[in-house]
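A.B. asks: Got a structure for you, coords-v2.csv, holding CSV, C-alpha atoms.
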chain,number,residue,atom,x,y,z
I,14,MET,CA,7.6,30.0,42.0
I,15,THR,CA,8.1,27.6,39.2
I,16,ARG,CA,7.8,29.1,35.8
I,17,ARG,CA,5.4,27.1,33.6
I,18,SER,CA,6.9,25.9,30.3
I,19,MET,CA,5.7,28.1,27.3
I,20,MET,CA,5.9,25.1,25.0
I,21,PRO,CA,2.4,24.1,23.7
I,22,ALA,CA,1.2,20.6,24.6
I,23,ILE,CA,1.5,18.0,22.0
I,24,HIS,CA,-1.5,15.7,21.5
I,25,PRO,CA,-0.6,12.4,23.2
I,26,ILE,CA,-1.6,10.3,20.1
I,27,TYR,CA,1.1,11.9,18.0
I,28,ASP,CA,3.7,12.5,20.8
I,29,ALA,CA,3.8,8.7,21.2
I,30,ILE,CA,4.2,7.8,17.5
I,31,ALA,CA,7.7,7.1,16.3
I,32,PRO,CA,8.8,7.7,12.7
I,33,THR,CA,7.5,5.1,10.3
I,34,ILE,CA,9.7,2.1,9.6
I,35,PHE,CA,10.0,3.3,6.0
I,36,GLU,CA,11.3,6.7,7.0
I,37,HIS,CA,13.7,5.1,9.6
I,38,MET,CA,15.2,2.6,7.2
I,39,SER,CA,15.4,5.1,4.3
I,40,GLY,CA,17.2,7.5,6.6
I,41,LEU,CA,19.7,4.8,7.5
I,42,ALA,CA,20.2,4.0,3.9
I,43,ARG,CA,21.0,7.6,3.1
I,44,ALA,CA,23.3,7.9,6.1
I,45,HIS,CA,25.2,4.7,5.3
I,46,GLY,CA,25.2,5.1,1.5
I,47,ALA,CA,23.2,1.8,1.3
I,48,ILE,CA,21.2,0.3,-1.5
I,49,ASN,CA,17.6,1.0,-0.5
I,50,LEU,CA,15.5,-2.1,-1.1
I,51,GLY,CA,13.3,-1.0,1.9
I,52,GLN,CA,11.0,1.7,0.8
I,53,GLY,CA,8.9,0.7,-2.2
I,54,PHE,CA,9.6,2.9,-5.3
I,55,PRO,CA,11.0,2.1,-8.7
I,56,ASP,CA,14.5,3.3,-9.6
I,57,GLY,CA,14.0,3.2,-13.4
I,58,PRO,CA,13.0,6.3,-15.4
I,59,PRO,CA,9.3,7.0,-15.7
I,60,SER,CA,7.4,6.7,-18.9
I,61,PRO,CA,8.1,9.6,-21.3
I,62,ASP,CA,4.4,9.4,-22.3
I,63,MET,CA,3.3,10.2,-18.7
I,64,LEU,CA,5.9,13.0,-18.3
I,65,ASN,CA,4.9,14.6,-21.6
I,66,ALA,CA,1.3,14.4,-20.7
I,67,ALA,CA,2.0,16.3,-17.5
I,68,VAL,CA,4.1,18.9,-19.3
I,69,ARG,CA,1.4,19.5,-21.9
I,70,ALA,CA,-1.2,19.9,-19.1
I,71,LEU,CA,1.0,22.4,-17.4
I,72,HIS,CA,1.2,24.5,-20.6
I,73,GLU,CA,-2.3,24.0,-21.9
I,74,ARG,CA,-4.6,23.5,-18.9
I,75,SER,CA,-5.7,25.5,-15.9
I,76,GLN,CA,-3.3,26.0,-13.0
I,77,GLN,CA,-6.0,26.9,-10.5
I,78,TYR,CA,-7.9,24.8,-8.0
I,79,PRO,CA,-9.7,21.9,-9.7
I,80,PRO,CA,-13.0,20.5,-8.3
I,81,ALA,CA,-12.6,19.0,-4.8
I,82,TRP,CA,-13.7,15.6,-6.1
I,83,GLY,CA,-11.2,15.6,-9.0
I,84,ILE,CA,-11.4,16.8,-12.5
I,85,PRO,CA,-14.2,15.1,-14.5
I,86,GLU,CA,-11.8,13.7,-17.1
I,87,LEU,CA,-9.9,11.7,-14.5
I,88,ARG,CA,-13.0,10.5,-12.6
I,89,GLU,CA,-14.5,9.3,-15.9
I,90,ALA,CA,-11.1,7.7,-17.0
I,91,ILE,CA,-11.0,5.7,-13.7
I,92,CYS,CA,-14.5,4.4,-14.5
I,93,ARG,CA,-13.4,3.3,-18.0
I,94,PHE,CA,-10.2,1.8,-16.6
I,95,TYR,CA,-12.0,-0.4,-14.2
I,96,ALA,CA,-14.6,-1.4,-16.8
I,97,ARG,CA,-11.9,-2.5,-19.1
I,98,ARG,CA,-9.5,-4.1,-16.7
I,99,GLN,CA,-11.9,-5.5,-14.1
I,100,GLY,CA,-15.3,-5.6,-15.7
I,101,MET,CA,-16.7,-3.2,-13.1
I,102,THR,CA,-19.5,-0.7,-13.8
I,103,LEU,CA,-19.0,2.6,-12.0
I,104,GLU,CA,-20.3,6.2,-12.5
I,105,SER,CA,-18.1,9.2,-12.0
I,106,GLU,CA,-20.3,10.3,-9.0
I,107,GLN,CA,-18.9,7.3,-7.2
I,108,VAL,CA,-15.2,8.4,-7.6
I,109,ILE,CA,-13.3,10.9,-5.6
I,110,VAL,CA,-9.7,11.8,-6.5
I,111,THR,CA,-7.3,12.2,-3.5
I,112,SER,CA,-3.8,13.2,-2.8
I,113,GLY,CA,-2.5,9.6,-2.8
I,114,ALA,CA,-4.2,6.5,-1.5
I,115,THR,CA,-3.2,7.3,2.1
I,116,GLU,CA,-5.4,10.4,2.0
I,117,ALA,CA,-8.2,8.3,0.6
I,118,LEU,CA,-7.8,6.0,3.6
I,119,ALA,CA,-7.7,8.9,6.1
I,120,ALA,CA,-10.9,10.5,4.6
I,121,THR,CA,-12.6,7.1,4.7
I,122,PHE,CA,-11.7,6.3,8.3
I,123,LEU,CA,-12.8,9.8,9.4
I,124,SER,CA,-16.1,9.5,7.6
I,125,LEU,CA,-17.1,5.9,8.4
I,126,VAL,CA,-15.5,5.2,11.8
I,127,GLY,CA,-16.5,6.8,15.1
I,128,PRO,CA,-15.9,6.5,18.8
I,129,GLY,CA,-16.4,2.9,20.0
I,130,ASP,CA,-16.3,1.4,16.6
I,131,GLU,CA,-14.0,-1.6,16.0
I,132,VAL,CA,-12.2,-2.1,12.7
I,133,ILE,CA,-10.6,-5.4,11.9
I,134,LEU,CA,-7.0,-5.3,10.4
I,135,PHE,CA,-5.3,-8.3,8.9
I,136,GLN,CA,-1.7,-8.3,10.1
I,137,PRO,CA,0.8,-7.6,8.7
I,138,ALA,CA,-0.7,-4.3,7.7
I,139,TYR,CA,0.3,-1.0,6.2
I,140,ASP,CA,1.4,1.1,9.1
I,141,SER,CA,-0.9,4.0,8.7
I,142,TYR,CA,-4.1,2.0,9.2
I,143,ALA,CA,-4.1,1.7,13.0
I,144,PRO,CA,-3.1,5.3,13.8
I,145,MET,CA,-5.7,6.7,11.5
I,146,ILE,CA,-8.4,4.4,13.0
I,147,ARG,CA,-7.5,5.5,16.5
I,148,ARG,CA,-7.5,9.2,15.4
I,149,ALA,CA,-11.1,8.7,14.1
I,150,GLY,CA,-12.0,7.4,17.6
I,151,GLY,CA,-12.1,3.7,16.6
I,152,THR,CA,-10.3,0.6,17.9
I,153,PRO,CA,-8.2,-1.6,15.6
I,154,VAL,CA,-8.6,-5.3,16.1
I,155,SER,CA,-5.9,-7.6,14.7
I,156,VAL,CA,-6.3,-10.8,12.9
I,157,HIS,CA,-2.9,-12.3,12.1
I,158,LEU,CA,-2.0,-14.0,8.9
I,159,ARG,CA,0.8,-16.5,9.0
I,160,PRO,CA,3.7,-17.2,6.5
I,161,PRO,CA,4.4,-18.7,4.1
I,162,GLY,CA,0.9,-18.6,2.6
I,163,TRP,CA,-0.6,-15.6,4.6
I,164,HIS,CA,-4.0,-17.2,4.2
I,165,TYR,CA,-7.3,-15.6,5.5
I,166,ASP,CA,-8.8,-17.9,8.2
I,167,ALA,CA,-12.6,-17.8,8.5
I,168,ASP,CA,-12.6,-19.0,12.1
I,169,ALA,CA,-10.1,-16.3,13.2
I,170,LEU,CA,-12.0,-13.6,11.5
I,171,GLU,CA,-15.3,-14.7,12.9
I,172,ARG,CA,-13.9,-14.7,16.5
I,173,ALA,CA,-12.7,-11.1,16.0
I,174,ILE,CA,-16.1,-9.8,15.1
I,175,THR,CA,-18.1,-8.3,18.0
I,176,PRO,CA,-21.3,-6.2,18.1
I,177,ARG,CA,-19.0,-3.2,18.0
I,178,THR,CA,-17.3,-4.2,14.7
I,179,ARG,CA,-18.0,-1.5,12.1
I,180,ALA,CA,-15.6,-2.4,9.3
I,181,LEU,CA,-12.6,-4.4,8.1
I,182,VAL,CA,-9.7,-3.4,6.0
I,183,LEU,CA,-8.7,-5.7,3.2
I,184,ASN,CA,-5.3,-5.0,1.5
I,185,ASP,CA,-5.4,-7.1,-1.6
I,186,PRO,CA,-2.8,-7.7,-3.1
I,187,LEU,CA,-1.2,-7.8,0.3
I,188,ASN,CA,1.7,-5.5,1.2
I,189,PRO,CA,4.2,-6.6,2.6
I,190,ALA,CA,3.7,-10.3,1.7
I,191,GLY,CA,3.1,-9.8,-2.1
I,192,THR,CA,0.3,-12.4,-2.0
I,193,VAL,CA,-3.2,-12.3,-3.5
I,194,ALA,CA,-6.4,-13.5,-1.9
I,195,SER,CA,-8.0,-16.6,-3.5
I,196,ALA,CA,-11.5,-16.6,-4.9
I,197,ALA,CA,-12.6,-18.7,-1.9
I,198,GLU,CA,-11.0,-16.3,0.5
I,199,LEU,CA,-12.7,-13.3,-1.1
I,200,ALA,CA,-16.1,-15.1,-1.0
I,201,MET,CA,-15.6,-15.9,2.6
I,202,ILE,CA,-14.8,-12.3,3.6
I,203,ALA,CA,-17.7,-11.0,1.6
I,204,GLY,CA,-20.1,-13.5,3.3
I,205,LEU,CA,-19.0,-12.4,6.7
I,206,CYS,CA,-19.4,-8.7,5.7
I,207,ARG,CA,-22.9,-9.3,4.6
I,208,ARG,CA,-23.8,-11.4,7.6
I,209,HIS,CA,-22.5,-9.0,10.1
I,210,ASP,CA,-23.3,-5.8,8.2
I,211,LEU,CA,-19.7,-4.6,7.9
I,212,VAL,CA,-18.2,-2.0,5.7
I,213,ALA,CA,-15.1,-3.3,3.7
I,214,ILE,CA,-12.4,-0.7,3.2
I,215,CYS,CA,-10.4,-2.3,0.3
I,216,ASP,CA,-6.9,-1.0,-0.2
I,217,GLU,CA,-6.3,-2.2,-3.7
I,218,VAL,CA,-3.4,0.0,-4.7
I,219,TRP,CA,-1.5,-3.0,-6.0
I,220,GLU,CA,-4.4,-4.2,-8.1
I,221,ASP,CA,-2.6,-3.7,-11.4
I,222,VAL,CA,0.9,-4.8,-10.3
I,223,ARG,CA,0.2,-8.5,-10.5
I,224,PHE,CA,2.1,-11.3,-12.2
I,225,ASP,CA,1.7,-14.9,-13.2
I,226,GLY,CA,-1.5,-14.2,-15.2
I,227,ILE,CA,-3.6,-13.7,-12.1
I,228,ALA,CA,-6.2,-11.1,-12.8
I,229,HIS,CA,-7.5,-8.8,-10.0
I,230,ARG,CA,-11.0,-9.1,-8.7
I,231,SER,CA,-12.2,-6.5,-6.3
I,232,LEU,CA,-14.3,-7.4,-3.3
I,233,ALA,CA,-16.7,-4.8,-4.5
I,234,SER,CA,-17.6,-6.9,-7.5
I,235,LEU,CA,-18.9,-9.8,-5.4
I,236,PRO,CA,-22.7,-10.2,-4.9
I,237,GLY,CA,-24.1,-7.8,-2.4
I,238,MET,CA,-20.9,-6.0,-1.8
I,239,ALA,CA,-21.1,-2.9,-4.1
I,240,ALA,CA,-23.0,-0.8,-1.4
I,241,ARG,CA,-20.6,-1.8,1.4
I,242,VAL,CA,-17.2,-1.5,-0.2
I,243,VAL,CA,-14.8,1.5,-0.4
I,244,LYS,CA,-12.3,0.6,-3.2
I,245,ILE,CA,-9.0,2.6,-3.0
I,246,GLY,CA,-6.6,2.9,-5.9
I,247,SER,CA,-3.3,4.6,-6.8
I,248,ALA,CA,-1.8,6.0,-9.9
I,249,GLY,CA,1.6,5.9,-8.2
I,250,LYS,CA,1.5,2.1,-8.2
I,251,ILE,CA,-0.1,1.6,-11.6
I,252,PHE,CA,2.4,3.9,-13.4
I,253,GLY,CA,5.4,3.6,-11.0
I,254,LEU,CA,5.1,7.3,-10.2
I,255,THR,CA,4.9,7.3,-6.4
I,256,GLY,CA,5.9,10.9,-6.0
I,257,TRP,CA,2.9,12.2,-7.9
I,258,LYS,CA,0.6,11.2,-5.1
I,259,VAL,CA,-2.6,10.8,-7.2
I,260,GLY,CA,-5.0,8.4,-5.6
I,261,TRP,CA,-8.7,7.8,-5.6
I,262,LEU,CA,-11.6,6.0,-3.9
I,263,CYS,CA,-14.7,4.4,-5.4
I,264,ALA,CA,-17.9,3.8,-3.3
I,265,SER,CA,-21.6,3.9,-3.5
I,266,PRO,CA,-23.0,7.4,-4.2
I,267,GLY,CA,-24.0,7.9,-0.6
I,268,MET,CA,-20.7,6.7,0.9
I,269,ALA,CA,-18.8,8.7,-1.7
I,270,ARG,CA,-20.6,11.9,-0.7
I,271,ALA,CA,-19.9,11.3,3.0
I,272,ILE,CA,-16.2,10.6,2.4
I,273,GLY,CA,-16.0,13.5,0.1
I,274,ARG,CA,-17.0,15.8,2.9
I,275,SER,CA,-14.0,14.6,4.9
I,276,HIS,CA,-11.7,14.9,1.9
I,277,GLN,CA,-12.6,18.5,1.3
I,278,PHE,CA,-11.2,19.4,4.8
I,279,LEU,CA,-8.0,17.4,4.3
I,280,THR,CA,-6.1,18.1,1.1
I,281,PHE,CA,-9.2,19.4,-0.7
I,282,THR,CA,-7.7,18.7,-4.1
I,283,THR,CA,-4.8,17.4,-6.0
I,284,PRO,CA,-2.5,19.1,-8.6
I,285,PRO,CA,-4.6,19.4,-11.8
I,286,ALA,CA,-1.8,18.8,-14.3
I,287,LEU,CA,-1.0,15.4,-12.7
I,288,GLN,CA,-4.7,14.6,-12.8
I,289,TRP,CA,-4.9,15.2,-16.5
I,290,ALA,CA,-1.8,13.2,-17.1
I,291,VAL,CA,-3.1,10.2,-15.1
I,292,ALA,CA,-6.5,10.4,-17.0
I,293,GLU,CA,-4.6,10.2,-20.3
I,294,GLY,CA,-2.5,7.3,-19.0
I,295,LEU,CA,-5.5,5.3,-17.8
I,296,ASP,CA,-7.0,5.5,-21.2
I,297,ARG,CA,-4.0,3.9,-22.9
I,298,PRO,CA,-4.5,0.4,-24.4
I,299,ASP,CA,-3.6,-2.6,-22.3
I,300,GLY,CA,-0.6,-3.3,-24.4
I,301,TRP,CA,0.9,0.0,-23.3
I,302,PHE,CA,1.2,-1.3,-19.8
I,303,ALA,CA,2.8,-4.6,-20.7
I,304,PRO,CA,6.5,-3.5,-21.0
I,305,GLN,CA,6.5,-1.9,-17.5
I,306,ARG,CA,4.9,-5.0,-16.0
I,307,ALA,CA,7.4,-7.2,-17.8
I,308,ALA,CA,10.3,-5.2,-16.4
I,309,TRP,CA,8.9,-5.5,-12.8
I,310,ALA,CA,8.4,-9.2,-13.3
I,311,ALA,CA,12.0,-9.6,-14.5
I,312,GLY,CA,13.2,-7.8,-11.4
I,313,ARG,CA,11.2,-10.1,-9.2
I,314,GLU,CA,12.7,-13.2,-10.9
I,315,ARG,CA,16.2,-11.7,-10.8
I,316,LEU,CA,16.0,-10.9,-7.0
I,317,ALA,CA,14.4,-14.2,-6.2
I,318,GLN,CA,17.0,-16.3,-8.1
I,319,GLY,CA,19.9,-14.3,-6.6
I,320,LEU,CA,18.7,-14.5,-3.0
I,321,THR,CA,17.9,-18.2,-3.4
I,322,GLY,CA,21.3,-18.9,-4.8
I,323,ALA,CA,22.8,-17.0,-1.8
I,324,GLY,CA,21.1,-19.4,0.6
I,325,PHE,CA,18.0,-17.2,1.5
I,326,ALA,CA,14.6,-18.8,1.7
I,327,VAL,CA,12.4,-16.6,-0.5
I,328,LEU,CA,8.6,-16.7,0.0
I,329,PRO,CA,6.3,-16.8,-3.0
I,330,GLY,CA,5.0,-13.5,-4.2
I,331,ALA,CA,2.5,-12.9,-7.0
I,332,ALA,CA,2.0,-9.2,-6.8
I,333,THR,CA,3.4,-5.8,-5.6
I,334,TRP,CA,7.1,-4.7,-5.9
I,335,PHE,CA,8.2,-6.9,-2.9
I,336,LEU,CA,9.6,-10.3,-2.0
I,337,CYS,CA,9.9,-11.6,1.5
I,338,VAL,CA,12.7,-13.7,3.0
I,339,ASP,CA,12.2,-16.1,5.9
I,340,LEU,CA,15.4,-15.7,8.0
I,341,ALA,CA,14.6,-18.8,10.1
I,342,ALA,CA,14.1,-21.0,7.0
I,343,SER,CA,17.4,-19.5,5.7
I,344,GLY,CA,19.2,-20.9,8.7
I,345,LEU,CA,19.6,-17.6,10.5
I,346,ALA,CA,18.5,-17.4,14.1
I,347,ILE,CA,18.1,-13.7,14.2
I,348,ASP,CA,14.9,-11.6,14.4
I,349,ASP,CA,14.0,-9.4,11.5
I,350,ARG,CA,14.5,-6.0,13.2
I,351,LEU,CA,18.1,-6.8,14.2
I,352,PHE,CA,18.8,-8.3,10.8
I,353,SER,CA,17.5,-5.1,9.0
I,354,GLU,CA,19.4,-2.8,11.3
I,355,ARG,CA,22.6,-4.7,10.9
I,356,ALA,CA,22.2,-5.3,7.2
I,357,VAL,CA,21.9,-1.6,6.4
I,358,ARG,CA,24.9,-0.7,8.5
I,359,GLU,CA,27.2,-3.7,7.8
I,360,ALA,CA,26.1,-4.9,4.4
I,361,GLY,CA,24.9,-1.6,2.9
I,362,VAL,CA,21.4,-2.9,2.0
I,363,ALA,CA,18.2,-1.5,3.5
I,364,SER,CA,15.2,-3.8,4.0
I,365,ILE,CA,11.9,-3.7,6.0
I,366,PRO,CA,11.4,-5.9,9.0
I,367,VAL,CA,7.9,-7.3,8.6
I,368,SER,CA,7.3,-7.3,12.4
I,369,ALA,CA,7.3,-3.5,12.2
I,370,LEU,CA,4.0,-3.9,10.2
I,371,CYS,CA,2.4,-6.2,12.8
I,372,GLU,CA,0.6,-4.9,15.8
I,373,GLY,CA,0.4,-7.2,18.8
I,374,GLY,CA,2.9,-9.8,17.6
I,375,GLY,CA,3.3,-11.6,14.4
I,376,PRO,CA,6.1,-13.1,12.3
I,377,THR,CA,9.5,-11.9,13.5
I,378,PRO,CA,11.9,-13.7,11.1
I,379,ILE,CA,10.6,-12.1,7.9
I,380,VAL,CA,12.1,-9.2,6.0
I,381,ARG,CA,10.8,-7.4,2.9
I,382,LEU,CA,12.8,-6.4,-0.1
I,383,CYS,CA,11.8,-4.2,-3.1
I,384,PHE,CA,12.7,-5.6,-6.5
I,385,ALA,CA,11.5,-2.6,-8.7
I,386,LYS,CA,15.2,-1.6,-9.2
I,387,GLU,CA,17.7,-1.8,-12.1
I,388,GLY,CA,19.3,-5.2,-12.6
I,389,ALA,CA,22.8,-4.1,-11.7
I,390,VAL,CA,21.4,-2.6,-8.4
I,391,LEU,CA,19.7,-5.9,-7.5
I,392,ASP,CA,22.8,-7.9,-8.4
I,393,GLU,CA,25.0,-5.7,-6.1
I,394,ALA,CA,22.4,-5.9,-3.3
I,395,VAL,CA,22.4,-9.7,-3.6
I,396,ALA,CA,26.2,-9.9,-3.5
I,397,ARG,CA,26.3,-7.8,-0.4
I,398,LEU,CA,23.6,-9.8,1.4
I,399,ALA,CA,25.3,-13.0,0.4
I,400,ARG,CA,28.5,-11.9,2.1
I,401,PHE,CA,26.6,-10.6,5.1
I,402,ARG,CA,24.7,-13.9,5.4
I,403,GLU,CA,28.0,-15.9,5.5
I,404,ARG,CA,29.3,-13.6,8.3
I,405,LEU,CA,26.1,-14.0,10.2
I,406,ALA,CA,26.0,-17.7,9.9
I,407,GLU,CA,29.6,-18.0,11.2
I,408,GLU,CA,28.8,-15.6,14.1
I,409,ILE,CA,25.5,-17.3,15.1
I,410,GLY,CA,27.1,-20.7,14.7
What do you get writing this file as structure tokens?

C.D. replies:
Amino acid sequence: MTRRSMMPAIHPIYDAIAPTIFEHMSGLARAHGAINLGQGFPDGPPSPDMLNAAVRALHERSQQYPPAWGIPELREAICRFYARRQGMTLESEQVIVTSGATEALAATFLSLVGPGDEVILFQPAYDSYAPMIRRAGGTPVSVHLRPPGWHYDADALERAITPRTRALVLNDPLNPAGTVASAAELAMIAGLCRRHDLVAICDEVWEDVRFDGIAHRSLASLPGMAARVVKIGSAGKIFGLTGWKVGWLCASPGMARAIGRSHQFLTFTTPPALQWAVAEGLDRPDGWFAPQRAAWAAGRERLAQGLTGAGFAVLPGAATWFLCVDLAASGLAIDDRLFSERAVREAGVASIPVSALCEGGGPTPIVRLCFAKEGAVLDEAVARLARFRERLAEEIG
């Protein structure tokens, strides 16, 4: 008689999922002592003002469960921040604080997507979207964007919409490309959402990490869109404090209530001291944010110039902490996954292959690099990649 295994069954959805490309490449970076330009986080010291605000809150404020939807001070500060920076009018009942933007996405998908629903994803896409849509019972449908412009195509989007389409996910600014949607593209997407009665789940975590004087405009601010948009933001990106995991979502009161009911059964709440610190930070004047933005912009320029000088074809990027390199245009006949695997082992620099963020095909010669690092770190990474490129060019012939 065969004895049955005592190991509990693992749900097939999760048994089939590999570690994320970010975890994989960061693990290789640690193992090989490599410079990590793969996972997106700043290396520089955080603002003392933000740290001091968190320390004061730890000493002076409650250490117990805050309200599930977030402390009132933070929800109100988010409304004021968007009024000042983006000209939006929101009430605190429309805001739910979450443990990072990824939790906001999960609560949104669980609340708004059900079995049989289709959700359009523009590829390349943040790698948590598709698994979370499937876990909610929905089906992700890909619309591919193409380098170097990564433009949104109205015909391709229209073809992807069916009677089962429930929602689309718009990540603007776009990670990993670092591009921003034009006014015409936003208007086109909004028009299709209104015409087909779609919900737009707008991942706008990079909304305040934009360069070249291009102001952010949320899809929620366009005519007829306020009631059909879930706008998701992140203190981690605004302040460069990714480990704090303070995010939020904004939606119409009815949608916010529905999503809040999912949120209460996920993380329920977020550390209160960090919420108070973020509330204080969001109320700081615009000039307070300028030095950090200038430092990130300088990193972007430094990495772009260094890579270009080393013979790499760098794609334009107007936002995020990332630049993309086109390997084919750089004269390297190698796919992005192989390049990234070899570069971290042989050159000591970790990157992200963009194909890992594309379901069902997509660009294979593109790699993403993070520039939110100290200048000396970027210079050393460029020097290593330059030597690696020379060896590759000789090897490939």

A.B. asks: Give me the residues of range 25-121 of chain I that have any atom at most 8 Å from an atom of range 134-150 of chain I; for each, the nearest atom pair and the distance in Å, rounded to one decimal. Use only C-alpha atoms, sort by chain and number, and format it as a Markdown table.

C.D. replies:
| residue | atom | partner | partner_atom | distance |
| --- | --- | --- | --- | --- |
| I:Ile26 | CA | I:Arg148 | CA | 7.6 |
| I:Thr33 | CA | I:Asp140 | CA | 7.4 |
| I:Thr115 | CA | I:Ser141 | CA | 7.7 |
| I:Leu118 | CA | I:Tyr142 | CA | 7.8 |
| I:Ala119 | CA | I:Met145 | CA | 6.2 |

A.B. asks: Go through I:Asp339, I:Ala286, I:Gly100, I:Leu316 and flag the residue nearest Val68 in chain I, using only C-alpha atoms for the distances.

C.D. replies: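 Closest to Val68 in chain I of all the choices is I:Ala286.
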
A.B. asks: May I ask which of the residues I:Leu41, I:Ile227, I:Ile109, I:Leu391 is the closest one to Ser353 in chain I, counting only C-alpha atoms?

C.D. replies: I:Leu41

A.B. asks: Neighbours of Thr175 in chain I within 10 Å (all atoms listed in the file; same-chain residues fewer than 5 positions away dropped), as a PyMOL selection string?

C.D. replies: chain I and resi 130-131+209

A.B. asks: Please determine, counting only C-alpha atoms, which residue among I:Phe401, I:Phe94, I:Phe278, I:Phe54 has the shortest atom-to-atom distance to Phe352 in chain I.

C.D. replies: I:Phe401

A.B. asks: I:Asp166, I:Glu387, I:Asp299, I:Glu86: which is nearest Ser105 in chain I, counting all atoms listed in the file?

C.D. replies: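 Once distances to Ser105 in chain I are computed over all atoms listed in the file, the minimum belongs to I:Glu86.
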
A.B. asks: What gap, in Å, lies between CA of Leu181 in chain I and CA of Cys371 in chain I?

C.D. replies: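 The value is 15.8 Å.
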
A.B. asks: Excluding same-chain residues fewer than 4 positions from Ser112 in chain I, what lies within 12 Å of it counting all atoms listed in the file, as number ranges by chain?

C.D. replies: I: 81-83, 116-120, 245-249, 255-262, 276-277, 279-285, 287-288

A.B. asks: I'd like to know which of I:Ala271, I:Ala240, I:Cys337, I:Gln76 is closest to Leu123 in chain I, using only C-alpha atoms.

C.D. replies: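 Of I:Ala271, I:Ala240, I:Cys337, I:Gln76, the one nearest Leu123 in chain I, counting only C-alpha atoms, is I:Ala271.
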
A.B. asks: Quick one: of I:Glu314, I:Gln77, I:Thr102, I:Pro329, who's nearest to Ser234 in chain I, counting only C-alpha atoms?

C.D. replies: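 Smallest distance to Ser234 in chain I is found for I:Thr102.
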
A.B. asks: Between CA of Arg88 in chain I and CA of Val108 in chain I, measure the distance and give it in Å to one decimal.

C.D. replies: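 A separation of 5.9 Å between them.
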
A.B. asks: In Å, with one decimal, what is the gap from CA of Leu328 in chain I to CA of Gly51 in chain I?

C.D. replies: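 It comes out at 16.5 Å.
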
A.B. asks: For Leu382 in chain I, please output as a tab-separated table (two decimals) with C-alpha atoms, in the frame of the given file all residues within 12 Å (counting all atoms listed in the file; exclusion window: fewer than 6 positions along the same chain).

C.D. replies:
chain	number	residue	atom	x	y	z
I	35	PHE	CA	10.00	3.30	6.00
I	38	MET	CA	15.20	2.60	7.20
I	48	ILE	CA	21.20	0.30	-1.50
I	49	ASN	CA	17.60	1.00	-0.50
I	50	LEU	CA	15.50	-2.10	-1.10
I	51	GLY	CA	13.30	-1.00	1.90
I	52	GLN	CA	11.00	1.70	0.80
I	53	GLY	CA	8.90	0.70	-2.20
I	54	PHE	CA	9.60	2.90	-5.30
I	188	ASN	CA	1.70	-5.50	1.20
I	189	PRO	CA	4.20	-6.60	2.60
I	190	ALA	CA	3.70	-10.30	1.70
I	191	GLY	CA	3.10	-9.80	-2.10
I	312	GLY	CA	13.20	-7.80	-11.40
I	313	ARG	CA	11.20	-10.10	-9.20
I	316	LEU	CA	16.00	-10.90	-7.00
I	317	ALA	CA	14.40	-14.20	-6.20
I	320	LEU	CA	18.70	-14.50	-3.00
I	327	VAL	CA	12.40	-16.60	-0.50
I	328	LEU	CA	8.60	-16.70	0.00
I	330	GLY	CA	5.00	-13.50	-4.20
I	333	THR	CA	3.40	-5.80	-5.60
I	334	TRP	CA	7.10	-4.70	-5.90
I	335	PHE	CA	8.20	-6.90	-2.90
I	336	LEU	CA	9.60	-10.30	-2.00
I	337	CYS	CA	9.90	-11.60	1.50
I	338	VAL	CA	12.70	-13.70	3.00
I	339	ASP	CA	12.20	-16.10	5.90
I	353	SER	CA	17.50	-5.10	9.00
I	356	ALA	CA	22.20	-5.30	7.20
I	362	VAL	CA	21.40	-2.90	2.00
I	363	ALA	CA	18.20	-1.50	3.50
I	364	SER	CA	15.20	-3.80	4.00
I	365	ILE	CA	11.90	-3.70	6.00
I	366	PRO	CA	11.40	-5.90	9.00
I	367	VAL	CA	7.90	-7.30	8.60
I	391	LEU	CA	19.70	-5.90	-7.50
I	394	ALA	CA	22.40	-5.90	-3.30
I	395	VAL	CA	22.40	-9.70	-3.60
I	398	LEU	CA	23.60	-9.80	1.40

A.B. asks: Got a sec: who's within 12 Å of Gln99 in chain I, counting all atoms listed in the file, leaving out chain neighbours fewer than 4 positions off, as JSON, numbers by chain?

C.D. replies: {"I": [91, 92, 93, 94, 95, 103, 220, 221, 227, 228, 229, 230, 231, 232, 233, 234, 235]}

A.B. asks: Would you kindly return, as a PDB file with C-alpha atoms, in the coordinates of the input, each protein, DNA or RNA residue with an atom no farther than 8 Å from any atom of Val242 in chain I, considering all atoms listed in the file and excluding same-chain residues fewer than 3 positions away?

C.D. replies:
ATOM      1  CA  VAL I 212     -18.200  -2.000   5.700  1.00  0.00           C
ATOM      2  CA  ALA I 213     -15.100  -3.300   3.700  1.00  0.00           C
ATOM      3  CA  ILE I 214     -12.400  -0.700   3.200  1.00  0.00           C
ATOM      4  CA  CYS I 215     -10.400  -2.300   0.300  1.00  0.00           C
ATOM      5  CA  LEU I 232     -14.300  -7.400  -3.300  1.00  0.00           C
ATOM      6  CA  ALA I 233     -16.700  -4.800  -4.500  1.00  0.00           C
ATOM      7  CA  MET I 238     -20.900  -6.000  -1.800  1.00  0.00           C
ATOM      8  CA  ALA I 239     -21.100  -2.900  -4.100  1.00  0.00           C
ATOM      9  CA  ALA I 264     -17.900   3.800  -3.300  1.00  0.00           C
ATOM     10  CA  SER I 265     -21.600   3.900  -3.500  1.00  0.00           C
TER      11      SER I 265
END

A.B. asks: Take the structure in the block and write a file for range 339-345 of chain I, C-alpha atoms, as a CSV table (one decimal), in the first residue's frame.

C.D. replies:
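Heads up, here's the output in part-v1.csv:
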chain,number,residue,atom,x,y,z
I,339,ASP,CA,18.3,49.1,-26.7
I,340,LEU,CA,20.8,46.3,-27.1
I,341,ALA,CA,20.1,45.7,-30.8
I,342,ALA,CA,20.6,49.4,-31.5
I,343,SER,CA,23.8,49.2,-29.5
I,344,GLY,CA,25.2,46.7,-31.9
I,345,LEU,CA,24.7,43.7,-29.6
